[in-house]
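Containing compact mmCIF, all heavy atoms: model_22.txt.
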```
# COMPACT_ATOMS: atom_id res chain seq x y z
N MET A 1 3.63 -2.03 -20.33
CA MET A 1 3.49 -2.42 -18.94
C MET A 1 4.55 -1.69 -18.10
O MET A 1 5.69 -1.56 -18.51
CB MET A 1 3.64 -3.93 -18.81
CG MET A 1 3.49 -4.42 -17.40
SD MET A 1 3.58 -6.22 -17.34
CE MET A 1 2.30 -6.51 -16.18
N GLU A 2 4.15 -1.25 -16.92
CA GLU A 2 5.07 -0.54 -16.03
C GLU A 2 6.11 -1.50 -15.47
O GLU A 2 5.85 -2.68 -15.29
CB GLU A 2 4.30 0.08 -14.88
CG GLU A 2 3.41 1.22 -15.28
CD GLU A 2 2.76 1.85 -14.06
OE1 GLU A 2 3.47 2.08 -13.06
OE2 GLU A 2 1.56 2.08 -14.13
N ASP A 3 7.27 -0.95 -15.17
CA ASP A 3 8.27 -1.73 -14.45
C ASP A 3 7.76 -1.95 -13.03
O ASP A 3 7.08 -1.11 -12.47
CB ASP A 3 9.60 -0.99 -14.38
CG ASP A 3 10.30 -0.93 -15.72
OD1 ASP A 3 10.02 -1.80 -16.57
OD2 ASP A 3 11.11 -0.03 -15.92
N GLU A 4 8.08 -3.08 -12.49
CA GLU A 4 7.66 -3.40 -11.13
C GLU A 4 8.86 -3.89 -10.34
O GLU A 4 9.78 -4.47 -10.88
CB GLU A 4 6.59 -4.49 -11.12
CG GLU A 4 5.30 -4.08 -11.76
CD GLU A 4 4.27 -5.19 -11.74
OE1 GLU A 4 4.63 -6.36 -11.47
OE2 GLU A 4 3.10 -4.89 -11.98
N LYS A 5 8.84 -3.63 -9.05
CA LYS A 5 9.84 -4.14 -8.12
C LYS A 5 9.11 -5.03 -7.12
O LYS A 5 8.02 -4.71 -6.66
CB LYS A 5 10.54 -3.01 -7.37
CG LYS A 5 11.29 -2.05 -8.25
CD LYS A 5 12.48 -2.73 -8.85
CE LYS A 5 13.25 -1.72 -9.70
NZ LYS A 5 14.38 -2.31 -10.36
N TRP A 6 9.71 -6.13 -6.80
CA TRP A 6 9.14 -7.06 -5.82
C TRP A 6 9.89 -6.88 -4.51
O TRP A 6 11.12 -6.74 -4.51
CB TRP A 6 9.31 -8.49 -6.31
CG TRP A 6 8.39 -8.81 -7.45
CD1 TRP A 6 8.50 -8.34 -8.73
CD2 TRP A 6 7.25 -9.63 -7.43
NE1 TRP A 6 7.49 -8.83 -9.50
CE2 TRP A 6 6.69 -9.64 -8.72
CE3 TRP A 6 6.63 -10.38 -6.45
CZ2 TRP A 6 5.56 -10.35 -9.04
CZ3 TRP A 6 5.50 -11.10 -6.77
CH2 TRP A 6 4.97 -11.08 -8.05
N ILE A 7 9.14 -6.87 -3.41
CA ILE A 7 9.77 -6.80 -2.10
C ILE A 7 9.14 -7.86 -1.20
O ILE A 7 8.00 -8.28 -1.40
CB ILE A 7 9.64 -5.42 -1.44
CG1 ILE A 7 8.17 -5.06 -1.16
CG2 ILE A 7 10.30 -4.34 -2.28
CD1 ILE A 7 7.99 -3.85 -0.29
N SER A 8 9.89 -8.26 -0.21
CA SER A 8 9.37 -9.13 0.83
C SER A 8 9.18 -8.23 2.05
O SER A 8 10.06 -7.45 2.40
CB SER A 8 10.38 -10.23 1.13
OG SER A 8 9.88 -11.07 2.14
N LEU A 9 8.03 -8.33 2.68
CA LEU A 9 7.70 -7.40 3.76
C LEU A 9 7.17 -8.17 4.96
O LEU A 9 6.25 -8.98 4.83
CB LEU A 9 6.63 -6.42 3.25
CG LEU A 9 6.12 -5.36 4.19
CD1 LEU A 9 7.23 -4.39 4.56
CD2 LEU A 9 4.96 -4.62 3.55
N ARG A 10 7.75 -7.91 6.11
CA ARG A 10 7.25 -8.49 7.36
C ARG A 10 6.35 -7.45 8.03
O ARG A 10 6.72 -6.30 8.17
CB ARG A 10 8.40 -8.86 8.29
CG ARG A 10 9.16 -10.07 7.84
CD ARG A 10 10.16 -10.49 8.90
NE ARG A 10 11.14 -9.45 9.14
CZ ARG A 10 12.38 -9.47 8.67
NH1 ARG A 10 12.78 -10.47 7.92
NH2 ARG A 10 13.21 -8.49 8.94
N LEU A 11 5.17 -7.88 8.43
CA LEU A 11 4.21 -7.00 9.09
C LEU A 11 3.78 -7.61 10.42
O LEU A 11 3.61 -8.83 10.51
CB LEU A 11 2.95 -6.83 8.23
CG LEU A 11 3.09 -6.14 6.90
CD1 LEU A 11 1.78 -6.25 6.12
CD2 LEU A 11 3.46 -4.69 7.10
N PRO A 12 3.53 -6.77 11.42
CA PRO A 12 2.91 -7.29 12.63
C PRO A 12 1.52 -7.86 12.27
O PRO A 12 0.84 -7.35 11.37
CB PRO A 12 2.77 -6.07 13.53
CG PRO A 12 3.74 -5.06 12.99
CD PRO A 12 3.83 -5.35 11.52
N THR A 13 1.11 -8.89 12.97
CA THR A 13 -0.15 -9.56 12.68
C THR A 13 -1.33 -8.59 12.71
O THR A 13 -2.20 -8.64 11.85
CB THR A 13 -0.39 -10.71 13.69
OG1 THR A 13 0.72 -11.61 13.59
CG2 THR A 13 -1.66 -11.45 13.40
N HIS A 14 -1.35 -7.69 13.70
CA HIS A 14 -2.47 -6.76 13.81
C HIS A 14 -2.53 -5.79 12.62
O HIS A 14 -3.62 -5.44 12.16
CB HIS A 14 -2.42 -6.00 15.14
CG HIS A 14 -1.29 -5.02 15.24
ND1 HIS A 14 -0.01 -5.41 15.58
CD2 HIS A 14 -1.24 -3.69 15.02
CE1 HIS A 14 0.78 -4.33 15.56
NE2 HIS A 14 0.06 -3.29 15.23
N LEU A 15 -1.38 -5.38 12.10
CA LEU A 15 -1.37 -4.47 10.95
C LEU A 15 -1.81 -5.21 9.69
O LEU A 15 -2.58 -4.68 8.88
CB LEU A 15 0.02 -3.87 10.76
CG LEU A 15 0.18 -2.87 9.62
CD1 LEU A 15 -0.82 -1.74 9.72
CD2 LEU A 15 1.61 -2.34 9.60
N HIS A 16 -1.37 -6.44 9.54
CA HIS A 16 -1.80 -7.25 8.40
C HIS A 16 -3.32 -7.41 8.41
O HIS A 16 -3.98 -7.25 7.38
CB HIS A 16 -1.11 -8.62 8.44
CG HIS A 16 -1.52 -9.51 7.32
ND1 HIS A 16 -2.56 -10.40 7.42
CD2 HIS A 16 -1.02 -9.63 6.06
CE1 HIS A 16 -2.69 -11.04 6.29
NE2 HIS A 16 -1.78 -10.59 5.43
N ALA A 17 -3.88 -7.69 9.58
CA ALA A 17 -5.33 -7.86 9.70
C ALA A 17 -6.06 -6.57 9.31
O ALA A 17 -7.09 -6.62 8.63
CB ALA A 17 -5.70 -8.27 11.12
N ARG A 18 -5.54 -5.43 9.72
CA ARG A 18 -6.16 -4.14 9.36
C ARG A 18 -6.11 -3.92 7.86
O ARG A 18 -7.07 -3.44 7.26
CB ARG A 18 -5.48 -3.00 10.09
CG ARG A 18 -5.77 -2.97 11.58
CD ARG A 18 -5.05 -1.84 12.28
NE ARG A 18 -5.48 -0.55 11.77
CZ ARG A 18 -4.87 0.60 12.06
NH1 ARG A 18 -3.84 0.62 12.87
NH2 ARG A 18 -5.31 1.73 11.55
N LEU A 19 -4.98 -4.25 7.24
CA LEU A 19 -4.84 -4.09 5.79
C LEU A 19 -5.79 -5.02 5.04
O LEU A 19 -6.41 -4.62 4.05
CB LEU A 19 -3.40 -4.33 5.36
CG LEU A 19 -2.39 -3.26 5.75
CD1 LEU A 19 -0.98 -3.77 5.56
CD2 LEU A 19 -2.63 -1.98 4.95
N VAL A 20 -5.89 -6.26 5.48
CA VAL A 20 -6.79 -7.21 4.85
C VAL A 20 -8.23 -6.72 4.94
O VAL A 20 -8.99 -6.77 3.96
CB VAL A 20 -6.65 -8.61 5.49
CG1 VAL A 20 -7.77 -9.54 5.07
CG2 VAL A 20 -5.29 -9.22 5.13
N GLU A 21 -8.63 -6.21 6.09
CA GLU A 21 -9.99 -5.70 6.26
C GLU A 21 -10.23 -4.47 5.38
O GLU A 21 -11.28 -4.34 4.75
CB GLU A 21 -10.25 -5.36 7.73
CG GLU A 21 -11.63 -4.82 8.01
CD GLU A 21 -12.75 -5.78 7.63
OE1 GLU A 21 -12.53 -7.00 7.58
OE2 GLU A 21 -13.89 -5.29 7.38
N ALA A 22 -9.27 -3.56 5.32
CA ALA A 22 -9.42 -2.38 4.46
C ALA A 22 -9.53 -2.79 3.00
O ALA A 22 -10.35 -2.24 2.25
CB ALA A 22 -8.24 -1.43 4.66
N ALA A 23 -8.73 -3.75 2.59
CA ALA A 23 -8.78 -4.23 1.20
C ALA A 23 -10.14 -4.85 0.90
O ALA A 23 -10.74 -4.60 -0.15
CB ALA A 23 -7.66 -5.24 0.95
N ARG A 24 -10.65 -5.64 1.84
CA ARG A 24 -11.96 -6.26 1.64
C ARG A 24 -13.04 -5.21 1.53
O ARG A 24 -13.89 -5.24 0.64
CB ARG A 24 -12.27 -7.22 2.81
CG ARG A 24 -13.54 -8.03 2.58
CD ARG A 24 -13.95 -8.78 3.84
NE ARG A 24 -14.33 -7.89 4.92
CZ ARG A 24 -15.49 -7.22 4.99
NH1 ARG A 24 -16.38 -7.34 4.04
NH2 ARG A 24 -15.75 -6.44 6.02
N THR A 25 -13.00 -4.22 2.41
CA THR A 25 -13.99 -3.14 2.40
C THR A 25 -13.95 -2.35 1.09
O THR A 25 -14.99 -2.00 0.54
CB THR A 25 -13.75 -2.19 3.59
OG1 THR A 25 -13.88 -2.94 4.81
CG2 THR A 25 -14.72 -1.03 3.59
N ASP A 26 -12.73 -2.11 0.59
CA ASP A 26 -12.57 -1.33 -0.64
C ASP A 26 -12.61 -2.19 -1.90
O ASP A 26 -12.41 -1.68 -3.01
CB ASP A 26 -11.23 -0.57 -0.60
CG ASP A 26 -11.20 0.50 0.47
OD1 ASP A 26 -12.28 0.94 0.91
OD2 ASP A 26 -10.09 0.89 0.88
N ARG A 27 -12.85 -3.49 -1.72
CA ARG A 27 -12.93 -4.45 -2.83
C ARG A 27 -11.66 -4.42 -3.69
O ARG A 27 -11.71 -4.34 -4.91
CB ARG A 27 -14.18 -4.19 -3.67
CG ARG A 27 -15.45 -4.27 -2.83
CD ARG A 27 -16.68 -4.10 -3.62
NE ARG A 27 -16.96 -5.40 -4.23
CZ ARG A 27 -17.82 -5.57 -5.22
NH1 ARG A 27 -18.48 -4.57 -5.71
NH2 ARG A 27 -18.03 -6.77 -5.71
N ARG A 28 -10.53 -4.46 -3.00
CA ARG A 28 -9.22 -4.49 -3.66
C ARG A 28 -8.46 -5.71 -3.17
O ARG A 28 -8.74 -6.23 -2.09
CB ARG A 28 -8.39 -3.26 -3.29
CG ARG A 28 -8.88 -1.94 -3.78
CD ARG A 28 -7.85 -0.86 -3.42
NE ARG A 28 -8.26 0.42 -3.91
CZ ARG A 28 -8.64 1.43 -3.16
NH1 ARG A 28 -8.62 1.32 -1.85
NH2 ARG A 28 -9.02 2.57 -3.70
N SER A 29 -7.45 -6.09 -3.92
CA SER A 29 -6.51 -7.09 -3.42
C SER A 29 -5.67 -6.44 -2.32
O SER A 29 -5.59 -5.21 -2.22
CB SER A 29 -5.61 -7.60 -4.54
OG SER A 29 -4.72 -6.56 -4.95
N LEU A 30 -5.03 -7.26 -1.51
CA LEU A 30 -4.16 -6.73 -0.48
C LEU A 30 -3.04 -5.90 -1.10
O LEU A 30 -2.73 -4.81 -0.63
CB LEU A 30 -3.59 -7.87 0.37
CG LEU A 30 -2.65 -7.48 1.49
CD1 LEU A 30 -3.30 -6.50 2.46
CD2 LEU A 30 -2.16 -8.73 2.22
N ASN A 31 -2.46 -6.40 -2.17
CA ASN A 31 -1.40 -5.67 -2.86
C ASN A 31 -1.89 -4.31 -3.35
O ASN A 31 -1.24 -3.28 -3.15
CB ASN A 31 -0.87 -6.50 -4.03
CG ASN A 31 0.36 -5.89 -4.65
OD1 ASN A 31 1.43 -5.94 -4.07
ND2 ASN A 31 0.20 -5.30 -5.83
N SER A 32 -3.05 -4.29 -3.99
CA SER A 32 -3.61 -3.03 -4.50
C SER A 32 -3.92 -2.05 -3.37
O SER A 32 -3.74 -0.84 -3.52
CB SER A 32 -4.87 -3.29 -5.32
OG SER A 32 -4.55 -3.98 -6.50
N GLU A 33 -4.38 -2.57 -2.25
CA GLU A 33 -4.68 -1.71 -1.10
C GLU A 33 -3.42 -1.07 -0.55
O GLU A 33 -3.38 0.13 -0.25
CB GLU A 33 -5.39 -2.51 0.00
CG GLU A 33 -5.83 -1.67 1.18
CD GLU A 33 -6.95 -0.70 0.86
OE1 GLU A 33 -7.65 -0.84 -0.17
OE2 GLU A 33 -7.14 0.23 1.67
N ILE A 34 -2.36 -1.85 -0.43
CA ILE A 34 -1.09 -1.31 0.07
C ILE A 34 -0.55 -0.26 -0.88
O ILE A 34 -0.12 0.82 -0.45
CB ILE A 34 -0.07 -2.44 0.30
CG1 ILE A 34 -0.53 -3.32 1.47
CG2 ILE A 34 1.32 -1.88 0.57
CD1 ILE A 34 0.25 -4.62 1.61
N ILE A 35 -0.61 -0.51 -2.18
CA ILE A 35 -0.16 0.47 -3.17
C ILE A 35 -1.00 1.74 -3.08
O ILE A 35 -0.47 2.86 -3.07
CB ILE A 35 -0.21 -0.12 -4.59
CG1 ILE A 35 0.89 -1.18 -4.74
CG2 ILE A 35 -0.06 0.98 -5.65
CD1 ILE A 35 0.79 -1.99 -6.01
N HIS A 36 -2.31 1.60 -2.97
CA HIS A 36 -3.19 2.75 -2.85
C HIS A 36 -2.84 3.59 -1.62
O HIS A 36 -2.70 4.83 -1.71
CB HIS A 36 -4.65 2.29 -2.77
CG HIS A 36 -5.59 3.36 -2.37
ND1 HIS A 36 -5.98 4.37 -3.23
CD2 HIS A 36 -6.22 3.61 -1.20
CE1 HIS A 36 -6.80 5.19 -2.58
NE2 HIS A 36 -6.96 4.75 -1.36
N LEU A 37 -2.66 2.93 -0.48
CA LEU A 37 -2.34 3.66 0.76
C LEU A 37 -0.99 4.36 0.67
O LEU A 37 -0.83 5.49 1.14
CB LEU A 37 -2.38 2.71 1.95
CG LEU A 37 -3.78 2.18 2.30
CD1 LEU A 37 -3.67 1.07 3.34
CD2 LEU A 37 -4.68 3.30 2.78
N LEU A 38 -0.01 3.72 0.04
CA LEU A 38 1.29 4.35 -0.13
C LEU A 38 1.19 5.56 -1.06
O LEU A 38 1.79 6.62 -0.79
CB LEU A 38 2.31 3.35 -0.69
CG LEU A 38 2.80 2.30 0.31
CD1 LEU A 38 3.59 1.22 -0.42
CD2 LEU A 38 3.62 2.94 1.40
N GLU A 39 0.44 5.43 -2.14
CA GLU A 39 0.27 6.57 -3.06
C GLU A 39 -0.42 7.74 -2.38
O GLU A 39 -0.04 8.90 -2.57
CB GLU A 39 -0.51 6.14 -4.30
CG GLU A 39 0.32 5.26 -5.23
CD GLU A 39 -0.47 4.72 -6.41
OE1 GLU A 39 -1.71 4.65 -6.34
OE2 GLU A 39 0.18 4.35 -7.40
N VAL A 40 -1.44 7.46 -1.57
CA VAL A 40 -2.14 8.52 -0.84
C VAL A 40 -1.18 9.18 0.16
O VAL A 40 -1.11 10.40 0.26
CB VAL A 40 -3.39 7.96 -0.12
CG1 VAL A 40 -3.94 8.97 0.88
CG2 VAL A 40 -4.45 7.57 -1.13
N ALA A 41 -0.42 8.38 0.88
CA ALA A 41 0.50 8.91 1.89
C ALA A 41 1.62 9.73 1.27
O ALA A 41 2.03 10.75 1.83
CB ALA A 41 1.08 7.77 2.72
N LEU A 42 2.11 9.30 0.12
CA LEU A 42 3.25 9.97 -0.50
C LEU A 42 2.83 11.15 -1.38
O LEU A 42 3.66 12.00 -1.70
CB LEU A 42 4.06 8.98 -1.34
CG LEU A 42 4.75 7.88 -0.53
CD1 LEU A 42 5.39 6.87 -1.47
CD2 LEU A 42 5.77 8.46 0.43
N GLY A 43 1.58 11.21 -1.77
CA GLY A 43 1.10 12.30 -2.61
C GLY A 43 1.43 12.07 -4.07
O GLY A 43 1.99 11.04 -4.45
N PRO A 44 1.07 13.03 -4.90
CA PRO A 44 1.27 12.89 -6.35
C PRO A 44 2.75 12.75 -6.71
O PRO A 44 3.62 13.29 -6.03
CB PRO A 44 0.72 14.19 -6.93
CG PRO A 44 -0.04 14.85 -5.84
CD PRO A 44 0.46 14.29 -4.54
N VAL A 45 2.99 12.04 -7.79
CA VAL A 45 4.36 11.87 -8.31
C VAL A 45 4.88 13.23 -8.72
O VAL A 45 4.19 14.01 -9.38
CB VAL A 45 4.37 10.91 -9.51
CG1 VAL A 45 5.75 10.85 -10.13
CG2 VAL A 45 3.91 9.53 -9.09
N GLY A 46 6.10 13.54 -8.29
CA GLY A 46 6.71 14.81 -8.66
C GLY A 46 6.28 16.01 -7.82
O GLY A 46 6.67 17.13 -8.09
N ALA A 47 5.47 15.75 -6.80
CA ALA A 47 5.06 16.86 -5.95
C ALA A 47 6.28 17.43 -5.22
O ALA A 47 7.17 16.69 -4.82
CB ALA A 47 4.01 16.41 -4.94
N ASN A 48 6.31 18.72 -5.04
CA ASN A 48 7.43 19.37 -4.39
C ASN A 48 7.21 19.40 -2.89
O ASN A 48 7.11 20.45 -2.28
CB ASN A 48 7.63 20.77 -4.96
CG ASN A 48 8.98 21.35 -4.58
OD1 ASN A 48 9.82 20.66 -4.03
ND2 ASN A 48 9.19 22.60 -4.89
N ASP A 49 7.10 18.22 -2.31
CA ASP A 49 6.83 18.07 -0.89
C ASP A 49 8.11 17.70 -0.18
O ASP A 49 8.55 16.58 -0.22
CB ASP A 49 5.78 16.95 -0.71
CG ASP A 49 5.39 16.74 0.74
OD1 ASP A 49 6.21 17.02 1.63
OD2 ASP A 49 4.29 16.28 0.96
N GLN A 50 8.71 18.68 0.48
CA GLN A 50 9.97 18.44 1.17
C GLN A 50 9.73 18.26 2.65
O GLN A 50 9.03 19.06 3.27
CB GLN A 50 10.93 19.59 0.92
CG GLN A 50 11.30 19.75 -0.55
CD GLN A 50 12.23 20.92 -0.76
OE1 GLN A 50 12.45 21.72 0.13
NE2 GLN A 50 12.73 21.04 -1.98
N SER A 51 10.32 17.23 3.23
CA SER A 51 10.22 17.01 4.65
C SER A 51 11.08 18.00 5.40
O SER A 51 12.14 18.37 4.91
CB SER A 51 10.67 15.59 4.99
OG SER A 51 9.80 14.66 4.38
N PRO A 52 10.64 18.42 6.58
CA PRO A 52 11.46 19.36 7.36
C PRO A 52 12.74 18.74 7.85
O PRO A 52 12.90 17.61 7.99
CB PRO A 52 10.56 19.74 8.53
CG PRO A 52 9.46 18.75 8.57
CD PRO A 52 9.43 18.07 7.24
```
Starting from the file, give its structure as structure tokens.
Amino acid sequence: MEDEKWISLRLPTHLHARLVEAARTDRRSLNSEIIHLLEVALGPVGANDQSP
């Protein structure tokens, strides 16, 4: 099993609603949807993507 880190996160109500709707549409849990979106935004692990 992978190591996991737990965080507490405050979100604006409108952003939470958008995430819940996206998760429902993609048939994922809210947690899985947030992880998916972060992975897409950050790109592959180990990618040589340097910010300017």
List as a short mmCIF file (atom, residue, chain, number, x, y, z; two decimals) with all heavy atoms, in the coordinates of the input the protein and nucleic acid residues near Leu19 (chain A), meaning an atom at most 6 Å away when all atoms listed in the file are counted, but skip any in the same chain fewer than 3 places from it.
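Okay, part16.cif is ready:
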```cif
data_model
loop_
_atom_site.label_atom_id
_atom_site.label_comp_id
_atom_site.auth_asym_id
_atom_site.auth_seq_id
_atom_site.Cartn_x
_atom_site.Cartn_y
_atom_site.Cartn_z
N LEU A 11 5.17 -7.88 8.43
CA LEU A 11 4.21 -7.00 9.09
C LEU A 11 3.78 -7.61 10.42
O LEU A 11 3.61 -8.83 10.51
CB LEU A 11 2.95 -6.83 8.23
CG LEU A 11 3.09 -6.14 6.90
CD1 LEU A 11 1.78 -6.25 6.12
CD2 LEU A 11 3.46 -4.69 7.10
N HIS A 14 -1.35 -7.69 13.70
CA HIS A 14 -2.47 -6.76 13.81
C HIS A 14 -2.53 -5.79 12.62
O HIS A 14 -3.62 -5.44 12.16
CB HIS A 14 -2.42 -6.00 15.14
CG HIS A 14 -1.29 -5.02 15.24
ND1 HIS A 14 -0.01 -5.41 15.58
CD2 HIS A 14 -1.24 -3.69 15.02
CE1 HIS A 14 0.78 -4.33 15.56
NE2 HIS A 14 0.06 -3.29 15.23
N LEU A 15 -1.38 -5.38 12.10
CA LEU A 15 -1.37 -4.47 10.95
C LEU A 15 -1.81 -5.21 9.69
O LEU A 15 -2.58 -4.68 8.88
CB LEU A 15 0.02 -3.87 10.76
CG LEU A 15 0.18 -2.87 9.62
CD1 LEU A 15 -0.82 -1.74 9.72
CD2 LEU A 15 1.61 -2.34 9.60
N HIS A 16 -1.37 -6.44 9.54
CA HIS A 16 -1.80 -7.25 8.40
C HIS A 16 -3.32 -7.41 8.41
O HIS A 16 -3.98 -7.25 7.38
CB HIS A 16 -1.11 -8.62 8.44
CG HIS A 16 -1.52 -9.51 7.32
ND1 HIS A 16 -2.56 -10.40 7.42
CD2 HIS A 16 -1.02 -9.63 6.06
CE1 HIS A 16 -2.69 -11.04 6.29
NE2 HIS A 16 -1.78 -10.59 5.43
N ALA A 22 -9.27 -3.56 5.32
CA ALA A 22 -9.42 -2.38 4.46
C ALA A 22 -9.53 -2.79 3.00
O ALA A 22 -10.35 -2.24 2.25
CB ALA A 22 -8.24 -1.43 4.66
N ALA A 23 -8.73 -3.75 2.59
CA ALA A 23 -8.78 -4.23 1.20
C ALA A 23 -10.14 -4.85 0.90
O ALA A 23 -10.74 -4.60 -0.15
CB ALA A 23 -7.66 -5.24 0.95
N ARG A 24 -10.65 -5.64 1.84
CA ARG A 24 -11.96 -6.26 1.64
C ARG A 24 -13.04 -5.21 1.53
O ARG A 24 -13.89 -5.24 0.64
CB ARG A 24 -12.27 -7.22 2.81
CG ARG A 24 -13.54 -8.03 2.58
CD ARG A 24 -13.95 -8.78 3.84
NE ARG A 24 -14.33 -7.89 4.92
CZ ARG A 24 -15.49 -7.22 4.99
NH1 ARG A 24 -16.38 -7.34 4.04
NH2 ARG A 24 -15.75 -6.44 6.02
N LEU A 30 -5.03 -7.26 -1.51
CA LEU A 30 -4.16 -6.73 -0.48
C LEU A 30 -3.04 -5.90 -1.10
O LEU A 30 -2.73 -4.81 -0.63
CB LEU A 30 -3.59 -7.87 0.37
CG LEU A 30 -2.65 -7.48 1.49
CD1 LEU A 30 -3.30 -6.50 2.46
CD2 LEU A 30 -2.16 -8.73 2.22
N GLU A 33 -4.38 -2.57 -2.25
CA GLU A 33 -4.68 -1.71 -1.10
C GLU A 33 -3.42 -1.07 -0.55
O GLU A 33 -3.38 0.13 -0.25
CB GLU A 33 -5.39 -2.51 0.00
CG GLU A 33 -5.83 -1.67 1.18
CD GLU A 33 -6.95 -0.70 0.86
OE1 GLU A 33 -7.65 -0.84 -0.17
OE2 GLU A 33 -7.14 0.23 1.67
N ILE A 34 -2.36 -1.85 -0.43
CA ILE A 34 -1.09 -1.31 0.07
C ILE A 34 -0.55 -0.26 -0.88
O ILE A 34 -0.12 0.82 -0.45
CB ILE A 34 -0.07 -2.44 0.30
CG1 ILE A 34 -0.53 -3.32 1.47
CG2 ILE A 34 1.32 -1.88 0.57
CD1 ILE A 34 0.25 -4.62 1.61
N LEU A 37 -2.66 2.93 -0.48
CA LEU A 37 -2.34 3.66 0.76
C LEU A 37 -0.99 4.36 0.67
O LEU A 37 -0.83 5.49 1.14
CB LEU A 37 -2.38 2.71 1.95
CG LEU A 37 -3.78 2.18 2.30
CD1 LEU A 37 -3.67 1.07 3.34
CD2 LEU A 37 -4.68 3.30 2.78
#
```
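Among the residues of chain A, backbone DSSP assigns helix (DSSP H, G or I) to Thr13, His14, Leu15, His16, Ala17, Arg18, Leu19, Val20, Glu21, Ala22, Ala23, Arg24, Thr25, Leu30, Asn31, Ser32, Glu33, Ile34, Ile35, His36, Leu37, Leu38, Glu39, Val40, Ala41 and Leu42 of chain A.
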Can you measure CH2 of Trp6 (chain A) to atom O of Arg28 (chain A) for me? One decimal in Å is fine.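 Calculated distance between CH2 of Trp6 (chain A) and atom O of Arg28 (chain A) is 15.7 Å.
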Between CA of Ala17 (chain A) and CA of Ile35 (chain A), what distance in Å does the model show, to one decimal?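 Distance between the two atoms: 16.2 Å.
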Pairwise distance, CA of Asp3 (chain A) with CA of Glu21 (chain A), equals 27.9 Å
